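J.: I have a structure I would like to understand better, so I am pasting it below and will then ask my questions one at a time.
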Amino acid sequence: MAMPVVASPSFFFFFLSTLLVLLHVSPIVAETEDRDPHLGTIRVVFQTKYGDIEFGFYPKVAPKTVNHIFKLVRLGAYNSNHFFRVHKGFVAQVADVIGGREAPVSEEQRAEGEKTVPGEFSKVMHVRGILSMGRYSDPDSATSSFSILLGSAPHLDEQYAVFGKVTKGDETLTRLEELQTRTEGIFVMPLERITILSTYYYDTDVKVSSYSCEDEVARLRKRLINAENFLQMQRAKLLP
């Protein structure tokens with residue numbers, strides 16, 4: 001009587017792997033891309049007196065959110081806005097451009113700033129450096145306020161829309177975490193105003209000339225800090 005032929009476990013693994021390749025299916029790669037997606041080529045820089053914060057976008061994860069925030073950046077809507085919340089180990093949150101700016105908003109800035117974007121929730125985890133939209137209880141109520149994660153916050157996963165992450169400037173975030181704060185309800189807020197002095201953006205795919213713009217950026221930052229200090233002095237003189 002012939003004995004039945006039993007394939008070894010290694011044969012089944014080889015067969016399954018081959019089948020997945022033929023079907024163009026890679027669950028492990030797909031899950032990795034869901035949790036750690038590729039950044040787009042656009043970089044945005046927020047300048048503060050404590051240093052710059054540069055971040056990139058996840059256009060495939062949250063396309064509508066990315067388009068909305070990037071348009072606000074292009075309009076200059078975050079200039080003179082501020083970080084109204086700095087909770088060490090949790091988040092540094094940028095205020096809504098409507099009401100958060102020191103400079104008045106233009107009609108175009110207001111129109112875009114008042115728009116809401118749908119909750120584009122994903123499997124990207126909330127860890128340090130991640131950018132995540134602020135919102136109210138309505139999942140589709142996000143406008144222009146967003147948080148930069150200062151630590152891991154798994155309770156936010158798949159509840160708030162992740163749309164990018166910090167690419168440079170973690171040392172600036174650390175400086176913000178060291179500032180003195182006060183607590184109002186659930187918010188931990190800095191005692192001083194952390195103004196976004198200026199913003200700019202660039203495309204990493206675009207080749208630039210050999211001339212480095214770092215010196216120019218440094219000079220611009222110095223002028224902006226001096227202007228901010230002068231503004232604070234004038235405000236102290238004129239306002240009670």
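Quick note on naming: the chains in the structure tokens go A, B, ... in the order shown, residues restart at 1 in each chain, and ligands are numbered from 1 in order of appearance.
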Return as a ChimeraX atom specification the full set of residues in region 25-118 of chain A whose backbone-based DSSP assignment is helix (DSSP H, G or I).
T.: /A:27-35,63-74,97-100,107-113
J.: Could you save the residues just selected, with C-alpha atoms, as a compact mmCIF listing (two decimals), in the first residue's frame?
T.:
```
# COMPACT_ATOMS: atom_id res chain seq x y z
CA PRO A 27 0.44 42.27 3.50
CA ILE A 28 3.57 43.12 5.46
CA VAL A 29 4.60 45.89 3.06
CA ALA A 30 1.05 47.22 2.90
CA GLU A 31 0.79 47.37 6.69
CA THR A 32 4.18 49.08 6.94
CA GLU A 33 3.14 51.73 4.39
CA ASP A 34 -0.12 52.27 6.29
CA ARG A 35 1.72 52.97 9.53
CA PRO A 63 -5.11 64.37 0.57
CA LYS A 64 -7.92 66.82 1.40
CA THR A 65 -6.29 67.86 4.66
CA VAL A 66 -2.89 68.32 3.00
CA ASN A 67 -4.37 70.45 0.20
CA HIS A 68 -6.18 72.62 2.74
CA ILE A 69 -3.22 73.18 5.08
CA PHE A 70 -0.78 73.73 2.23
CA LYS A 71 -3.09 76.31 0.68
CA LEU A 72 -3.21 78.16 4.01
CA VAL A 73 0.59 78.09 4.09
CA ARG A 74 0.80 79.45 0.54
CA VAL A 97 -5.73 81.15 11.84
CA ILE A 98 -9.07 82.87 12.46
CA GLY A 99 -8.50 84.51 15.80
CA GLY A 100 -4.99 83.18 16.32
CA GLU A 107 -10.65 87.80 2.66
CA GLU A 108 -8.94 84.88 0.92
CA GLN A 109 -7.25 83.73 4.13
CA ARG A 110 -10.54 83.92 6.02
CA ALA A 111 -12.44 82.01 3.34
CA GLU A 112 -9.92 79.15 3.39
CA GLY A 113 -9.44 79.27 7.16
```
J.: Would you list the contacts of Ile148 (chain A) as an MDAnalysis selection string, taking every protein, DNA or RNA residue within 9 Å and counting only C-alpha atoms, but skipping same-chain residues closer than 2 positions in sequence?
T.: chainID A and resid 90:94 128:133 146 150 165:166 173
J.: I'd like the interatomic distance between CA of Glu120 (chain A) and CA of Gly134 (chain A), to a tenth of an Å.
T.: 12.0 Å
J.: Give me every strand (DSSP E or B) residue in region 30-59 of chain A, going by DSSP on the backbone, as a ChimeraX atom specification.
T.: /A:42-48,51-57
J.: With only C-alpha atoms as the basis for distance, which of A:Arg85, A:Lys168, A:Arg175, A:Lys60 is at the shortest distance from Ser122 (chain A)?
T.: A:Lys60
J.: Name the residues in contact with Thr195 (chain A) at a cut-off of 6 Å, using only C-alpha atoms, excluding same-chain residues fewer than 6 positions from it; report them as number ranges by chain.
T.: A: 80-82
J.: Counting only C-alpha atoms, which residue out of A:Asp140, A:Glu114, A:Asp170, A:Glu102 sits closest to Ile194 (chain A)?
T.: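 Looking only at the distances to Ile194 (chain A), the closest residue turns out to be A:Glu102.
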J.: Work out how far apart CA of Glu192 (chain A) and CA of Ala142 (chain A) are and give it in Å to one decimal.
T.: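 Result for CA of Glu192 (chain A) versus CA of Ala142 (chain A): 25.6 Å, one decimal.
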J.: If you measure from CA of Lys88 (chain A) to CA of Thr116 (chain A), what distance in Å do you get, rounded to one decimal?
T.: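 Taking CA of Lys88 (chain A) and CA of Thr116 (chain A), their separation equals 28.0 Å.
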J.: Using only C-alpha atoms, which residue out of A:Phe83, A:Leu176, A:Tyr58, A:Glu184 lies closest to Val162 (chain A)?
T.: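 Selected residue with least distance to Val162 (chain A): A:Tyr58.
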J.: Find the residue from A:Phe187, A:Gly76, A:Gln47, A:Val127 that sits nearest to Val105 (chain A); use only C-alpha atoms when measuring.
T.: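 Result for the nearest residue to Val105 (chain A): A:Gly76.
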